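Peer 1: My structure is stored as run18.txt, with compact mmCIF, C-alpha atoms and all ligand atoms.
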# COMPACT_ATOMS: atom_id res chain seq x y z
CA MET A 1 100.50 78.97 86.96
CA GLU A 2 101.45 78.03 83.48
CA GLU A 3 102.16 74.44 82.85
CA ILE A 4 104.23 73.65 79.82
CA LYS A 5 103.18 70.34 78.42
CA LYS A 6 105.93 68.53 76.66
CA ILE A 7 107.11 65.04 75.90
CA SER A 8 110.09 63.41 74.36
CA CYS A 9 109.72 62.18 70.81
CA PRO A 10 109.32 58.39 70.90
CA ASP A 11 111.46 58.10 67.83
CA CYS A 12 114.37 60.52 68.16
CA GLY A 13 114.02 61.79 71.73
CA ALA A 14 113.68 65.44 70.80
CA LYS A 15 111.41 67.58 72.92
CA ILE A 16 107.90 68.07 71.56
CA VAL A 17 106.21 71.02 73.22
CA ALA A 18 102.44 71.24 73.11
CA GLY A 19 100.50 74.49 72.99
CA GLU A 20 98.46 75.81 75.89
CA LYS A 21 95.19 74.73 74.32
CA VAL A 22 96.20 71.18 73.59
CA GLU A 23 93.40 68.67 74.00
CA ILE A 24 93.04 64.94 74.04
CA GLY A 25 93.09 63.68 70.49
CA ASP A 26 95.33 66.46 69.22
CA ILE A 27 98.16 65.45 66.95
CA LEU A 28 101.62 66.79 67.66
CA GLU A 29 104.50 66.54 65.25
CA CYS A 30 108.16 66.26 66.10
CA SER A 31 109.98 69.16 64.54
CA LYS A 32 113.08 67.09 64.16
CA CYS A 33 111.99 63.83 62.59
CA GLY A 34 108.33 64.39 61.74
CA THR A 35 107.00 61.63 63.94
CA GLU A 36 103.38 62.28 64.85
CA VAL A 37 101.96 61.57 68.28
CA GLU A 38 98.40 61.72 69.54
CA VAL A 39 97.59 63.25 72.91
CA VAL A 40 95.92 60.55 74.99
CA SER A 41 96.00 62.14 78.44
CA LEU A 42 96.42 65.64 79.86
CA SER A 43 97.08 64.94 83.52
CA PRO A 44 99.62 63.53 83.47
CA PHE A 45 100.44 64.63 79.96
CA CYS A 46 100.86 61.57 77.80
CA CYS A 47 101.07 60.90 74.10
CA GLN A 48 101.01 57.84 71.93
CA GLU A 49 102.95 57.49 68.73
CA LEU A 50 100.79 57.41 65.65
CA VAL A 51 101.40 54.42 63.47
CA GLU A 52 100.56 54.93 59.84
CA GLU A 53 98.63 52.11 58.33
CA LYS A 54 99.39 51.30 54.76
ZN ZN B 1 111.48 63.00 66.61
Let me see the file written as structure tokens.
Peer 2:
Amino acid sequence: MEEIKKISCPDCGAKIVAGEKVEIGDILECSKCGTEVEVVSLSPFCCQELVEEK
């Protein structure tokens, strides 16, 4: 069975869909606002927003 891994963007709430080969540590980008999140867990699928340090 295929499991579609997806989350809601922490910033704008848009759906961010991960690929089938997503792994912990991968960076996903919201197609709507550009917010980047890092995959921190696969089961359950969970991401953490990346905070840019300046
Ligand atoms: Zn977004």
Peer 1: For ligand ZN 1 (chain B), list the contacting residues at 9 Å or closer, counting all atoms listed in the file, as JSON, numbers by chain.
Peer 2: {"A": [8, 9, 10, 11, 12, 13, 14, 15, 16, 29, 30, 31, 32, 33, 34, 35, 36]}
Peer 1: If you count only C-alpha atoms, which residues fall within 9 Å of Lys5 in chain A, apart from same-chain ones fewer than 2 positions away, as a list in words?
Peer 2: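 Close residues of Lys5 in chain A: Glu3, Ile7, Ile16, Val17, Ala18, Gly19, Glu20, Val22, Leu42 and Phe45 of chain A.
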Peer 1: Could you state the separation of CA of Ser41 in chain A and CA of Asp26 in chain A in Å, given to one decimal place?
Peer 2: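 Rounded to one decimal, the two atoms are 10.2 Å apart.
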Peer 1: Is there a way to get, as a PyMOL selection string, all residues within 7 Å of the point (103.7, 56.7, 67.7) in file coordinates, counting all atoms listed in the file?
Peer 2: chain A and resi 10+36-37+48-51
Peer 1: Write a file for range 25-36 of chain A of the given structure; include N, CA and C atoms and format it as a PDB file, in the first residue's frame.
Peer 2:
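Wrote decode_18.pdb, looks like this:
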ATOM      1  N   GLY A  25      15.740  13.889   7.910  1.00  0.00           N
ATOM      2  CA  GLY A  25      16.790  14.845   7.596  1.00  0.00           C
ATOM      3  C   GLY A  25      16.569  15.544   6.273  1.00  0.00           C
ATOM      4  N   ASP A  26      15.637  15.018   5.467  1.00  0.00           N
ATOM      5  CA  ASP A  26      15.332  15.666   4.197  1.00  0.00           C
ATOM      6  C   ASP A  26      14.682  17.021   4.434  1.00  0.00           C
ATOM      7  N   ILE A  27      14.915  17.920   3.516  1.00  0.00           N
ATOM      8  CA  ILE A  27      14.325  19.245   3.595  1.00  0.00           C
ATOM      9  C   ILE A  27      13.209  19.360   2.565  1.00  0.00           C
ATOM     10  N   LEU A  28      12.046  19.738   3.027  1.00  0.00           N
ATOM     11  CA  LEU A  28      10.920  19.951   2.122  1.00  0.00           C
ATOM     12  C   LEU A  28      10.603  21.435   2.090  1.00  0.00           C
ATOM     13  N   GLU A  29      10.167  21.897   0.917  1.00  0.00           N
ATOM     14  CA  GLU A  29       9.875  23.311   0.790  1.00  0.00           C
ATOM     15  C   GLU A  29       8.419  23.518   0.406  1.00  0.00           C
ATOM     16  N   CYS A  30       7.777  24.436   1.099  1.00  0.00           N
ATOM     17  CA  CYS A  30       6.399  24.773   0.774  1.00  0.00           C
ATOM     18  C   CYS A  30       6.360  25.460  -0.579  1.00  0.00           C
ATOM     19  N   SER A  31       5.496  24.953  -1.451  1.00  0.00           N
ATOM     20  CA  SER A  31       5.437  25.524  -2.793  1.00  0.00           C
ATOM     21  C   SER A  31       4.726  26.861  -2.809  1.00  0.00           C
ATOM     22  N   LYS A  32       4.066  27.162  -1.710  1.00  0.00           N
ATOM     23  CA  LYS A  32       3.290  28.387  -1.669  1.00  0.00           C
ATOM     24  C   LYS A  32       4.078  29.562  -1.087  1.00  0.00           C
ATOM     25  N   CYS A  33       4.725  29.312   0.043  1.00  0.00           N
ATOM     26  CA  CYS A  33       5.404  30.421   0.714  1.00  0.00           C
ATOM     27  C   CYS A  33       6.910  30.233   0.830  1.00  0.00           C
ATOM     28  N   GLY A  34       7.400  29.042   0.476  1.00  0.00           N
ATOM     29  CA  GLY A  34       8.842  28.834   0.484  1.00  0.00           C
ATOM     30  C   GLY A  34       9.411  28.435   1.829  1.00  0.00           C
ATOM     31  N   THR A  35       8.554  28.265   2.818  1.00  0.00           N
ATOM     32  CA  THR A  35       9.037  27.822   4.118  1.00  0.00           C
ATOM     33  C   THR A  35       9.658  26.428   4.001  1.00  0.00           C
ATOM     34  N   GLU A  36      10.808  26.249   4.630  1.00  0.00           N
ATOM     35  CA  GLU A  36      11.478  24.956   4.571  1.00  0.00           C
ATOM     36  C   GLU A  36      11.297  24.211   5.884  1.00  0.00           C
TER      37      GLU A  36
END
